[in-house]
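First comes the structure, then the notes that go with it.
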There are 2 protein chains.
Amino acid sequence: MKIRIVGRPGHGQSHSVKSKSWRAISRFKLVPLALKDVTFTGGFWAARIENNRRVTLPVEYRLCKQTGRIDAWKLNWKPGQPNPPHEYWDSDVAKWIEAAAYSLATHPDSKVESRVDGVVDLMAKAQAKDGYLNTHFLAVAPMKRWTDLRGSHELYSAGHLMEAAVAYYAATGKRKMLDVLCRYADHIDSVFGREKGKKRGYCGHEEVELALVKLYRATGERRYLKLAKYFIDERGRRPNHYFDIEAKARGEDPLKWNSGRYERFQADQPVRAQAKLDGHAVRALYLCCGMADVAAETGDRILLAACKRFWRNVTRQRMYITGGVGSTHSGERFTFDYDLPNESAYAETCANIALVFFAQRMLQIEADARYADVMERALYNGVLSGISLDGKRFFYVNPLAQHPELFHYSRWVTERQKWFDCACCPPNIARLLAGFGQYVCSQGLGEIAVHIYAQSSARFEVDGQTVQLEQKTEYPWEETVQIKLTLRAPADFVLALRIPGWCRNPRVTINGKTLHLPAITCKGYARIRRSWKTGDLVELTLPMPVERVEANPAVRMNCGRVAIQRGPLVFCLEEIDNDAHLNDIRLSRNSRLTAKYEPRLLGGAVVITGQAFRRNPEGWNDRLYRADQSKTRPVAIKAIPYFLWNNRKPGEMLVWIRE
Amino acid sequence: MKIRIVGRPGHGQSHSVKSKSWRAISRFKLVPLALKDVTFTGGFWAARIENNRRVTLPVEYRLCKQTGRIDAWKLNWKPGQPNPPHEYWDSDVAKWIEAAAYSLATHPDSKVESRVDGVVDLMAKAQAKDGYLNTHFLAVAPMKRWTDLRGSHELYSAGHLMEAAVAYYAATGKRKMLDVLCRYADHIDSVFGREKGKKRGYCGHEEVELALVKLYRATGERRYLKLAKYFIDERGRRPNHYFDIEAKARGEDPLKWNSGRYERFQADQPVRAQAKLDGHAVRALYLCCGMADVAAETGDRILLAACKRFWRNVTRQRMYITGGVGSTHSGERFTFDYDLPNESAYAETCANIALVFFAQRMLQIEADARYADVMERALYNGVLSGISLDGKRFFYVNPLAQHPELFHYSRWVTERQKWFDCACCPPNIARLLAGFGQYVCSQGLGEIAVHIYAQSSARFEVDGQTVQLEQKTEYPWEETVQIKLTLRAPADFVLALRIPGWCRNPRVTINGKTLHLPAITCKGYARIRRSWKTGDLVELTLPMPVERVEANPAVRMNCGRVAIQRGPLVFCLEEIDNDAHLNDIRLSRNSRLTAKYEPRLLGGAVVITGQAFRRNPEGWNDRLYRADQSKTRPVAIKAIPYFLWNNRKPGEMLVWIRE
């Protein structure tokens, strides 16, 4: 039996099966379904994706317009005028176009399309004759093209434009933006590389690597894949570190700036030699995405081994329980193993999204549910926390504890904001939500895998016929998922259902008959191989008891504390439900915690209630310290899903509760 | 009966009794003994003061010399040369001179004196004709004199020079430096004030206020007192905020920089209107010292009320248990009430010393032991931690928890250093130790008060005869203090012995007879009024059980944690004694903690040992999170005095231990 991929599979939504043999893409065990083949029919994600389409995307377009990011493409900024286009403005517009394109794939909308077309027309006009394309360097600093790869975000912006072009082409079939970006990629290819006369540079902010692989898949042009591989492998080479070469060329003393800081840019040594994933978290994880893509496309086992090494390091030593990554504000970076401060956590929304991207790629390569587990953890917690319930405000940083007065003393605001000068996060979460369909199911050889449980309808082709896979579920609020298959004729294939890592006693039935899971579970997937008939009904029950989670004793911040988790959701206490001084609350180890769905709270959410203890507040007489003598009293507590915090009013928040 | 002050009492060591009536200084209830009248005869402080004299002072002179701070006074720096004198270099040299002067008061040393004289000669030559004196502005930026009071440290440096001049005059009787600084003060008086034609400015870094009061006391020149009062009262006046006026004059947009930041400089509103002590901690507390001095000298009750308000705010809401103050690196400042992070604590050594200075002044004004309690807390903990046991290395910041790897990610080094570019702390702790005699005893009307228990011999005059007060004690290691009085003839006066606030069951005997303390204790002092005869022996017993201290529930970082305290000392765990992952250690509430003196540890110290618990480290399999299931196992712990940490090898440290 043979399964053929139909439509445009998910990697870039455009890589044509005809242009490659199965062998060429066989380094991926799985390929995501195309966006247009997955629709959300209700429940948790449909509401969020719909709100993203109706509210967030228009709001973000308006902000791009208001802040000058759209009109920057007219290149009519003149010296002396205010508000010059910034080096990374292009990337904000690009991510908005990518989000709009994903949305158009399932929801055609001529108004959105004409907005995109308007920007694309400006882009085409703005493009230099040699193919160069960056509003800042074209309008503001034309003499500085490619002189500061470390700091300029030039290739980074190019990469986001390429991703957008590929997505827009996949959604609409319109080639104009794709052609513009191919010309730009050709220009970049003519400037960078190991060949004589080319610069041996690479970007300080990775992104172009993964984008070039998308462009390669969309066009079949192997030079783009080769260029991506070059950017990855050139990184961190010495002697003659490129960041030093260009610094000297700018007349700077490289020792003053670079010395000891290469690792901030993942450029301390070539990635194949690096033991840990270090430096700026978004950059590091975008790099990992590019590495995984190149490894999969070229069968490069050493590069894949580096991906797996970095994956282990991040997810086993450097990840918050929310899937947040990059623990410090200073440098927006990874620090050292087990250094996961809660209140001062950075965990930038973009970094948490980048972890999802990396997980998604490794999942397709390895078909191992541990990647999907992290993907799900980040999606439901550290990513969704980045956007307000109304879809209009955004967190740049996602701390795991908060005191409202920190607002005045922290460099980063502690409430969601409408926009940022460096506005990377808002359009990033918009493109993630618009493209959410690609995370749900993948297809492999003789197999369809379900990673994310969400009420939806997915289409895929088996033996020449289209199979419909419908999920009915209130996940993550409820424990059951019903999967119904519709086929014209019976077909043999494997339905691989992810058994979440957090779940201890999963049950699966087919047409009412219980399966013995241990016999068929492999790498976290229950692999049901049978001749499927239309109307077959699979029911999963994923019991979601309220659990207390502890962190490794090396995480010094969380010793003596537990996080409340139910299913994939991490919970938190907010001041509005529990009064101030949340850190004084102590859970007793055997007190009962109860989950209950509250339909009117925050758009409907499960809350956890229970009994805990606090110190008796009396007798302090305004003293700061006294001999330990406090008695405690019982108090009721109420925890809400972490991603919903800061949607009512400012106040304290706490994930890790004392036990 | 009348007590006359003899010698040069402690305020600046030079204010002559003859130049003032008692009335004029009666706003101080107490006056510290002069440095030369207090000698340390052994025990805890003698060793440290001796080491300061023999090691720290020469080391710091050498560093001032090596770094160009001494030769800067030659004014021969030329544009284009490296290492231009910095705006606050003068203050480093000044503090070293002040320290040297205090040392000379009890230990005359011709070599030290000639070093000081050498610098003073350079100073006198460097002084401009109009009296102006600052190496940076004379040699590097002559056109920028008095153009940036907010940022330049010009008056701050002037203040430190004045303090040094007063101290050197008091110790040696040499007038040259005092005369130079009087000329400078006269110049400053001609430039600043409310009179027409004068600038209505004040320094961004307070210090000159308290220094002018010292200069007034040394010279009797009331203009200096008036100028100090002007600087205090002008601060923060609006409209036409001076920092804006001078910013505009420099061609800057004041809104860009000042907006919302006045409070960093205690200049958001006049001090009399301020409710809380805010902004940069060293600046704020030097200001408080100047306010207390001016209030005491002028009888200004409103100013004194502001001092008391700020004192309460700092010590009841914003002070670490170590006496450290200023909790955040960003702005080296106070943040908000109860915001006392441990690992990221700033608690700059200079700020903790400034709290001692403020406490010392309030103690003389109010004769209330709560000021001495804070003074003692800071001295034994957050101040002494600022210097290594060998006297050669210094902490700028004094955190209450530490992880060695933070070294690579924190702006501030986490090990003591030999010196700093901004070298305020090393000479500050040197002058504190050299001048330590002034904290021990004070004299009041008919009264001698003992604040600090330290093996020493103090002289004071009563009814025309010199009385010798000898303390014999191993405090703070041991609980007993013997005080022996030597007089030519019996004399009536009050011996006021401080009963430390941490002590619950103090006992005092005179010649073996126990006193009933409640009857004679007032404001924290046991006031023993009698006719004293030579050989009278007072014995204090200040029981020092090992105590667990808890913090107010509003201190979110310390909920569920206790600090170990014994007597005035706060203890900490170090990795070298307790292995890594100190935060995983949990004290049980009823486990016994035992104090024991270890003569060979860190120069001899009391350590606390006991039993605690840790999680069993097994079964984690490199996982980061798991369902809460850990069992604990008993472990032995050992705590050392906080001030001694980081004297063996780098590693974790922890003050607040989980309970």
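Letters for chains follow the order of the structure tokens (A, B, ...), residue numbers begin at 1 for each chain, and ligand numbers begin at 1 in the order shown.
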
Taking only residues of chain B that have an atom at most 8 Å from an atom of chain A, what is each one's shortest atom pair and its distance in Å to one decimal, using only C-alpha atoms, in chain and number order, as a tab-separated table?
```
residue	atom	partner	partner_atom	distance
B:Thr315	CA	A:Leu624	CA	7.7
B:Arg316	CA	A:Leu624	CA	5.2
B:Gln317	CA	A:Leu624	CA	6.3
B:Ile321	CA	A:Tyr625	CA	7.3
B:Ser330	CA	A:Tyr409	CA	7.9
B:Thr335	CA	A:Tyr409	CA	6.9
B:Phe336	CA	A:Glu405	CA	7.2
B:Glu405	CA	A:Phe336	CA	7.2
B:Tyr409	CA	A:Thr335	CA	6.9
B:Glu547	CA	A:Ala627	CA	6.6
B:Arg548	CA	A:Asp628	CA	5.4
B:Val549	CA	A:Ala627	CA	4.3
B:Glu550	CA	A:Asp628	CA	4.8
B:Ala551	CA	A:Tyr625	CA	4.5
B:Asn552	CA	A:Leu624	CA	5.1
B:Pro553	CA	A:Asp584	CA	6.2
B:Ala554	CA	A:His581	CA	5.8
B:Arg556	CA	A:Asn583	CA	5.4
B:Met557	CA	A:Asn583	CA	7.4
B:Cys559	CA	A:Asp584	CA	5.2
B:Gly560	CA	A:Asp584	CA	7.0
B:Val562	CA	A:Asp628	CA	7.1
B:His581	CA	A:Ala554	CA	5.8
B:Leu582	CA	A:Arg556	CA	7.6
B:Asn583	CA	A:Arg556	CA	5.3
B:Asp584	CA	A:Cys559	CA	5.2
B:Arg615	CA	A:Pro553	CA	7.3
B:Pro617	CA	A:Pro553	CA	7.4
B:Trp620	CA	A:Asn552	CA	7.1
B:Asp622	CA	A:Arg316	CA	6.6
B:Arg623	CA	A:Arg316	CA	5.7
B:Leu624	CA	A:Asn552	CA	5.1
B:Tyr625	CA	A:Ala551	CA	4.5
B:Arg626	CA	A:Val549	CA	5.4
B:Ala627	CA	A:Val549	CA	4.3
B:Asp628	CA	A:Val549	CA	4.8
B:Gln629	CA	A:Glu550	CA	7.9
B:Arg658	CA	A:Gly560	CA	7.6
```

Residue subset to file, keeping N, CA, C and O atoms, as a short mmCIF file (atom, residue, chain, number, x, y, z; two decimals), in the first residue's frame:
```cif
data_model
loop_
_atom_site.label_atom_id
_atom_site.label_comp_id
_atom_site.auth_asym_id
_atom_site.auth_seq_id
_atom_site.Cartn_x
_atom_site.Cartn_y
_atom_site.Cartn_z
N THR B 315 14.11 50.95 57.48
CA THR B 315 14.41 49.83 58.39
C THR B 315 13.21 48.91 58.60
O THR B 315 13.38 47.78 59.02
N ARG B 316 12.02 49.38 58.29
CA ARG B 316 10.85 48.52 58.49
C ARG B 316 10.29 47.95 57.19
O ARG B 316 9.44 47.08 57.21
N GLN B 317 10.71 48.49 56.06
CA GLN B 317 10.18 47.96 54.80
C GLN B 317 11.24 47.67 53.74
O GLN B 317 10.95 46.99 52.77
N ILE B 321 17.99 41.57 56.13
CA ILE B 321 18.31 41.16 57.51
C ILE B 321 19.78 41.40 57.82
O ILE B 321 20.18 41.48 58.98
N SER B 330 19.69 47.73 38.99
CA SER B 330 19.31 48.74 38.03
C SER B 330 19.07 50.06 38.76
O SER B 330 18.06 50.24 39.44
N THR B 335 13.64 50.05 45.75
CA THR B 335 12.54 49.85 44.81
C THR B 335 11.23 50.13 45.53
O THR B 335 10.90 51.29 45.76
N PHE B 336 10.51 49.07 45.95
CA PHE B 336 9.27 49.31 46.67
C PHE B 336 9.29 48.51 47.98
O PHE B 336 10.13 47.63 48.16
N GLU B 405 27.66 30.22 39.08
CA GLU B 405 27.59 30.41 37.62
C GLU B 405 26.99 31.76 37.25
O GLU B 405 27.11 32.20 36.11
N TYR B 409 26.87 35.79 34.09
CA TYR B 409 25.67 36.40 33.51
C TYR B 409 25.23 37.65 34.23
O TYR B 409 24.29 38.30 33.83
N GLU B 547 18.79 31.44 66.90
CA GLU B 547 17.39 31.73 66.60
C GLU B 547 17.09 31.59 65.12
O GLU B 547 17.93 31.87 64.28
N ARG B 548 15.87 31.15 64.85
CA ARG B 548 15.36 31.19 63.48
C ARG B 548 14.54 32.46 63.35
O ARG B 548 13.62 32.68 64.14
N VAL B 549 14.86 33.26 62.37
CA VAL B 549 14.14 34.52 62.17
C VAL B 549 13.26 34.39 60.93
O VAL B 549 13.68 33.81 59.93
N GLU B 550 12.04 34.87 61.03
CA GLU B 550 11.20 34.90 59.84
C GLU B 550 11.02 36.34 59.39
O GLU B 550 11.20 37.28 60.16
N ALA B 551 10.69 36.51 58.12
CA ALA B 551 10.46 37.85 57.58
C ALA B 551 8.97 38.09 57.46
O ALA B 551 8.17 37.15 57.37
N ASN B 552 8.60 39.35 57.46
CA ASN B 552 7.21 39.75 57.28
C ASN B 552 6.61 39.03 56.06
O ASN B 552 7.27 38.92 55.02
N PRO B 553 5.37 38.55 56.18
CA PRO B 553 4.77 37.81 55.05
C PRO B 553 4.76 38.59 53.73
O PRO B 553 4.66 38.00 52.66
N ALA B 554 4.89 39.91 53.82
CA ALA B 554 4.91 40.70 52.59
C ALA B 554 6.23 40.57 51.84
O ALA B 554 6.32 40.95 50.67
N ARG B 556 7.98 38.59 49.81
CA ARG B 556 7.57 37.38 49.10
C ARG B 556 8.69 36.37 48.93
O ARG B 556 8.44 35.17 48.84
N MET B 557 9.93 36.86 48.91
CA MET B 557 11.06 35.95 48.67
C MET B 557 11.33 35.05 49.86
O MET B 557 11.97 34.00 49.71
N CYS B 559 9.04 33.87 52.23
CA CYS B 559 7.95 33.08 52.77
C CYS B 559 8.40 31.62 52.86
O CYS B 559 8.98 31.08 51.91
N GLY B 560 8.13 31.01 54.00
CA GLY B 560 8.50 29.61 54.16
C GLY B 560 9.98 29.43 54.44
O GLY B 560 10.48 28.31 54.40
N VAL B 562 13.56 30.67 56.84
CA VAL B 562 14.07 31.32 58.05
C VAL B 562 15.55 31.64 57.85
O VAL B 562 16.25 30.98 57.09
N HIS B 581 23.26 22.77 45.62
CA HIS B 581 21.79 22.77 45.72
C HIS B 581 21.33 23.11 47.14
O HIS B 581 20.54 22.40 47.75
N LEU B 582 21.84 24.22 47.66
CA LEU B 582 21.52 24.63 49.03
C LEU B 582 20.02 24.88 49.19
O LEU B 582 19.49 24.70 50.28
N ASN B 583 19.37 25.30 48.11
CA ASN B 583 17.94 25.57 48.24
C ASN B 583 17.12 24.32 48.49
O ASN B 583 15.97 24.41 48.91
N ASP B 584 17.71 23.17 48.23
CA ASP B 584 16.95 21.94 48.48
C ASP B 584 16.98 21.57 49.97
O ASP B 584 16.25 20.68 50.39
N ARG B 615 15.92 16.38 49.43
CA ARG B 615 15.27 15.35 48.64
C ARG B 615 16.28 14.27 48.27
O ARG B 615 17.46 14.55 48.11
N PRO B 617 18.15 12.22 45.83
CA PRO B 617 18.46 12.66 44.46
C PRO B 617 18.16 11.62 43.39
O PRO B 617 18.28 11.89 42.21
N TRP B 620 15.67 10.65 39.00
CA TRP B 620 15.30 11.76 38.11
C TRP B 620 15.61 11.46 36.65
O TRP B 620 14.98 12.03 35.76
N ASP B 622 17.70 12.44 34.60
CA ASP B 622 17.93 13.61 33.76
C ASP B 622 16.63 14.34 33.41
O ASP B 622 16.61 15.14 32.48
N ARG B 623 15.56 14.05 34.14
CA ARG B 623 14.33 14.78 33.86
C ARG B 623 14.32 16.13 34.57
O ARG B 623 14.97 16.32 35.60
N LEU B 624 13.56 17.05 34.02
CA LEU B 624 13.49 18.40 34.60
C LEU B 624 12.27 18.53 35.51
O LEU B 624 12.32 19.18 36.55
N TYR B 625 11.17 17.88 35.13
CA TYR B 625 9.93 17.95 35.91
C TYR B 625 9.35 16.55 36.05
O TYR B 625 9.50 15.71 35.15
N ARG B 626 8.69 16.30 37.16
CA ARG B 626 7.97 15.03 37.32
C ARG B 626 6.90 15.23 38.38
O ARG B 626 6.94 16.19 39.16
N ALA B 627 5.96 14.29 38.42
CA ALA B 627 4.91 14.38 39.43
C ALA B 627 5.58 14.32 40.81
O ALA B 627 6.53 13.58 41.03
N ASP B 628 5.08 15.15 41.69
CA ASP B 628 5.64 15.32 43.02
C ASP B 628 5.63 13.99 43.77
O ASP B 628 4.58 13.43 44.05
N GLN B 629 6.76 13.46 44.10
CA GLN B 629 6.82 12.15 44.75
C GLN B 629 8.05 11.98 45.62
O GLN B 629 8.25 10.95 46.24
N ARG B 658 14.95 27.17 53.67
CA ARG B 658 13.57 26.69 53.72
C ARG B 658 13.30 26.01 55.05
O ARG B 658 14.16 25.34 55.61
#
```

Secondary structure check, strand (DSSP E or B) residues of region 32-278 of chain B, as a ChimeraX atom specification: /B:32,38-40,192,199

Prev. selection, C-alpha atoms, output as a short mmCIF file (atom, residue, chain, number, x, y, z; two decimals), in the first residue's frame:
```cif
data_model
loop_
_atom_site.label_atom_id
_atom_site.label_comp_id
_atom_site.auth_asym_id
_atom_site.auth_seq_id
_atom_site.Cartn_x
_atom_site.Cartn_y
_atom_site.Cartn_z
CA PRO B 32 30.61 60.17 70.31
CA VAL B 38 39.07 54.83 72.26
CA THR B 39 41.58 52.04 71.75
CA PHE B 40 40.81 48.46 70.88
CA PHE B 192 25.34 78.19 44.68
CA LYS B 199 23.03 78.91 40.53
#
```

Residue list (alpha helix (DSSP H), DSSP) for region 121-310 of chain A, as number ranges by chain: A: 121-126, 135-139, 149-152, 154-172, 176-191, 208-219, 222-234, 242-249, 254-257, 281-298, 301-310

So that I can check the surroundings of region 481-486 of chain B, please list as a PDB file with all heavy atoms, in the first residue's frame every protein, DNA and RNA residue that reaches within 6 Å of it, counting only C-alpha atoms and ignoring chain neighbours fewer than 4 positions away.
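So the final result, stored in part.pdb, reads:
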```
ATOM      1  N   VAL B 467      37.982  59.416  83.343  1.00  0.00           N
ATOM      2  CA  VAL B 467      37.489  58.088  83.703  1.00  0.00           C
ATOM      3  C   VAL B 467      37.875  57.124  82.590  1.00  0.00           C
ATOM      4  O   VAL B 467      37.795  57.452  81.410  1.00  0.00           O
ATOM      5  CB  VAL B 467      35.949  58.095  83.871  1.00  0.00           C
ATOM      6  CG1 VAL B 467      35.426  56.701  84.215  1.00  0.00           C
ATOM      7  CG2 VAL B 467      35.535  59.107  84.926  1.00  0.00           C
ATOM      8  N   GLN B 468      38.313  55.939  83.029  1.00  0.00           N
ATOM      9  CA  GLN B 468      38.685  54.899  82.066  1.00  0.00           C
ATOM     10  C   GLN B 468      37.581  53.839  82.072  1.00  0.00           C
ATOM     11  O   GLN B 468      37.162  53.387  83.152  1.00  0.00           O
ATOM     12  CB  GLN B 468      40.001  54.266  82.542  1.00  0.00           C
ATOM     13  CG  GLN B 468      40.726  53.457  81.523  1.00  0.00           C
ATOM     14  CD  GLN B 468      41.653  54.334  80.663  1.00  0.00           C
ATOM     15  OE1 GLN B 468      41.944  55.484  81.035  1.00  0.00           O
ATOM     16  NE2 GLN B 468      42.058  53.822  79.530  1.00  0.00           N
ATOM     17  N   LEU B 469      37.092  53.493  80.864  1.00  0.00           N
ATOM     18  CA  LEU B 469      36.053  52.462  80.783  1.00  0.00           C
ATOM     19  C   LEU B 469      36.625  51.313  79.957  1.00  0.00           C
ATOM     20  O   LEU B 469      36.844  51.456  78.753  1.00  0.00           O
ATOM     21  CB  LEU B 469      34.804  53.058  80.137  1.00  0.00           C
ATOM     22  CG  LEU B 469      33.540  52.202  80.075  1.00  0.00           C
ATOM     23  CD1 LEU B 469      32.302  53.099  79.954  1.00  0.00           C
ATOM     24  CD2 LEU B 469      33.548  51.207  78.924  1.00  0.00           C
ATOM     25  N   GLU B 470      36.910  50.221  80.638  1.00  0.00           N
ATOM     26  CA  GLU B 470      37.521  49.096  79.930  1.00  0.00           C
ATOM     27  C   GLU B 470      36.514  47.983  79.711  1.00  0.00           C
ATOM     28  O   GLU B 470      35.864  47.539  80.647  1.00  0.00           O
ATOM     29  CB  GLU B 470      38.710  48.564  80.720  1.00  0.00           C
ATOM     30  CG  GLU B 470      39.979  49.321  80.428  1.00  0.00           C
ATOM     31  CD  GLU B 470      41.091  48.909  81.354  1.00  0.00           C
ATOM     32  OE1 GLU B 470      41.091  49.387  82.511  1.00  0.00           O
ATOM     33  OE2 GLU B 470      41.940  48.104  80.945  1.00  0.00           O
ATOM     34  N   GLN B 471      36.399  47.579  78.439  1.00  0.00           N
ATOM     35  CA  GLN B 471      35.539  46.432  78.126  1.00  0.00           C
ATOM     36  C   GLN B 471      36.423  45.223  77.901  1.00  0.00           C
ATOM     37  O   GLN B 471      37.426  45.292  77.190  1.00  0.00           O
ATOM     38  CB  GLN B 471      34.752  46.674  76.830  1.00  0.00           C
ATOM     39  CG  GLN B 471      33.707  47.742  76.890  1.00  0.00           C
ATOM     40  CD  GLN B 471      32.824  47.705  75.630  1.00  0.00           C
ATOM     41  OE1 GLN B 471      32.313  46.651  75.254  1.00  0.00           O
ATOM     42  NE2 GLN B 471      32.651  48.858  75.007  1.00  0.00           N
ATOM     43  N   LYS B 472      36.013  44.108  78.474  1.00  0.00           N
ATOM     44  CA  LYS B 472      36.680  42.838  78.187  1.00  0.00           C
ATOM     45  C   LYS B 472      35.609  41.885  77.683  1.00  0.00           C
ATOM     46  O   LYS B 472      34.626  41.613  78.380  1.00  0.00           O
ATOM     47  CB  LYS B 472      37.330  42.303  79.479  1.00  0.00           C
ATOM     48  CG  LYS B 472      38.710  41.712  79.232  1.00  0.00           C
ATOM     49  CD  LYS B 472      39.341  41.246  80.529  1.00  0.00           C
ATOM     50  CE  LYS B 472      39.971  39.875  80.282  1.00  0.00           C
ATOM     51  NZ  LYS B 472      40.465  39.284  81.536  1.00  0.00           N
ATOM     52  N   THR B 473      35.759  41.430  76.452  1.00  0.00           N
ATOM     53  CA  THR B 473      34.685  40.589  75.888  1.00  0.00           C
ATOM     54  C   THR B 473      35.147  39.869  74.631  1.00  0.00           C
ATOM     55  O   THR B 473      36.042  40.351  73.929  1.00  0.00           O
ATOM     56  CB  THR B 473      33.437  41.438  75.541  1.00  0.00           C
ATOM     57  OG1 THR B 473      32.429  40.568  75.028  1.00  0.00           O
ATOM     58  CG2 THR B 473      33.751  42.509  74.502  1.00  0.00           C
ATOM     59  N   THR B 534      36.409  53.629  91.576  1.00  0.00           N
ATOM     60  CA  THR B 534      37.390  52.889  90.778  1.00  0.00           C
ATOM     61  C   THR B 534      37.309  51.397  91.094  1.00  0.00           C
ATOM     62  O   THR B 534      37.051  51.005  92.241  1.00  0.00           O
ATOM     63  CB  THR B 534      38.815  53.451  90.991  1.00  0.00           C
ATOM     64  OG1 THR B 534      39.602  53.107  89.855  1.00  0.00           O
ATOM     65  CG2 THR B 534      39.476  52.912  92.252  1.00  0.00           C
ATOM     66  N   GLY B 535      37.457  50.595  90.072  1.00  0.00           N
ATOM     67  CA  GLY B 535      37.380  49.139  90.262  1.00  0.00           C
ATOM     68  C   GLY B 535      35.986  48.583  90.158  1.00  0.00           C
ATOM     69  O   GLY B 535      35.794  47.362  90.150  1.00  0.00           O
ATOM     70  N   ASP B 536      34.990  49.445  90.037  1.00  0.00           N
ATOM     71  CA  ASP B 536      33.616  48.941  89.857  1.00  0.00           C
ATOM     72  C   ASP B 536      33.568  48.062  88.615  1.00  0.00           C
ATOM     73  O   ASP B 536      34.101  48.431  87.562  1.00  0.00           O
ATOM     74  CB  ASP B 536      32.628  50.099  89.702  1.00  0.00           C
ATOM     75  CG  ASP B 536      32.179  50.659  91.056  1.00  0.00           C
ATOM     76  OD1 ASP B 536      32.499  50.034  92.088  1.00  0.00           O
ATOM     77  OD2 ASP B 536      31.526  51.720  91.069  1.00  0.00           O
ATOM     78  N   LEU B 537      32.951  46.912  88.787  1.00  0.00           N
ATOM     79  CA  LEU B 537      32.913  45.951  87.687  1.00  0.00           C
ATOM     80  C   LEU B 537      31.465  45.659  87.304  1.00  0.00           C
ATOM     81  O   LEU B 537      30.671  45.202  88.124  1.00  0.00           O
ATOM     82  CB  LEU B 537      33.614  44.651  88.101  1.00  0.00           C
ATOM     83  CG  LEU B 537      33.661  43.564  87.022  1.00  0.00           C
ATOM     84  CD1 LEU B 537      34.572  43.979  85.874  1.00  0.00           C
ATOM     85  CD2 LEU B 537      34.117  42.234  87.624  1.00  0.00           C
ATOM     86  N   VAL B 538      31.130  45.989  86.078  1.00  0.00           N
ATOM     87  CA  VAL B 538      29.783  45.685  85.567  1.00  0.00           C
ATOM     88  C   VAL B 538      29.911  44.485  84.637  1.00  0.00           C
ATOM     89  O   VAL B 538      30.805  44.442  83.788  1.00  0.00           O
ATOM     90  CB  VAL B 538      29.213  46.884  84.781  1.00  0.00           C
ATOM     91  CG1 VAL B 538      27.806  46.580  84.276  1.00  0.00           C
ATOM     92  CG2 VAL B 538      29.226  48.136  85.638  1.00  0.00           C
ATOM     93  N   GLU B 539      29.041  43.537  84.834  1.00  0.00           N
ATOM     94  CA  GLU B 539      29.068  42.377  83.941  1.00  0.00           C
ATOM     95  C   GLU B 539      27.725  42.235  83.237  1.00  0.00           C
ATOM     96  O   GLU B 539      26.686  42.169  83.887  1.00  0.00           O
ATOM     97  CB  GLU B 539      29.381  41.105  84.724  1.00  0.00           C
ATOM     98  CG  GLU B 539      30.858  41.000  85.064  1.00  0.00           C
ATOM     99  CD  GLU B 539      31.209  39.610  85.592  1.00  0.00           C
ATOM    100  OE1 GLU B 539      30.616  39.195  86.601  1.00  0.00           O
ATOM    101  OE2 GLU B 539      32.045  38.949  84.982  1.00  0.00           O
ATOM    102  N   LEU B 540      27.802  42.207  81.903  1.00  0.00           N
ATOM    103  CA  LEU B 540      26.593  41.948  81.112  1.00  0.00           C
ATOM    104  C   LEU B 540      26.635  40.511  80.621  1.00  0.00           C
ATOM    105  O   LEU B 540      27.692  40.050  80.168  1.00  0.00           O
ATOM    106  CB  LEU B 540      26.577  42.794  79.839  1.00  0.00           C
ATOM    107  CG  LEU B 540      26.074  44.208  79.886  1.00  0.00           C
ATOM    108  CD1 LEU B 540      27.256  45.114  80.129  1.00  0.00           C
ATOM    109  CD2 LEU B 540      25.418  44.542  78.551  1.00  0.00           C
TER     110      LEU B 540
END
```

Of the listed residues B:Gly279, B:Pro426, B:Gly299, B:Gly435, that which approaches Glu263 (chain B) most closely, counting only C-alpha atoms: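 Among the listed residues, B:Gly279 lies closest to Glu263 (chain B).
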
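Using only C-alpha atoms, the smallest distance between any of A:Gly201, A:Glu209, A:Arg504, A:Gln438 and Asn240 (chain A) comes from A:Gly201.
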
Leu161 (chain A) surroundings by only C-alpha atoms, 6 Å radius, close-in-sequence under 3 positions cut, as number ranges by chain: A: 94, 158, 164

Long-range neighbours of Leu644 (chain A) as a VMD selection string, 10 Å cut-off, only C-alpha atoms, 2 positions minimum in chain: chain A and resid 381 384 to 389 571 to 572 601 to 603 605 640 to 642 646 to 648
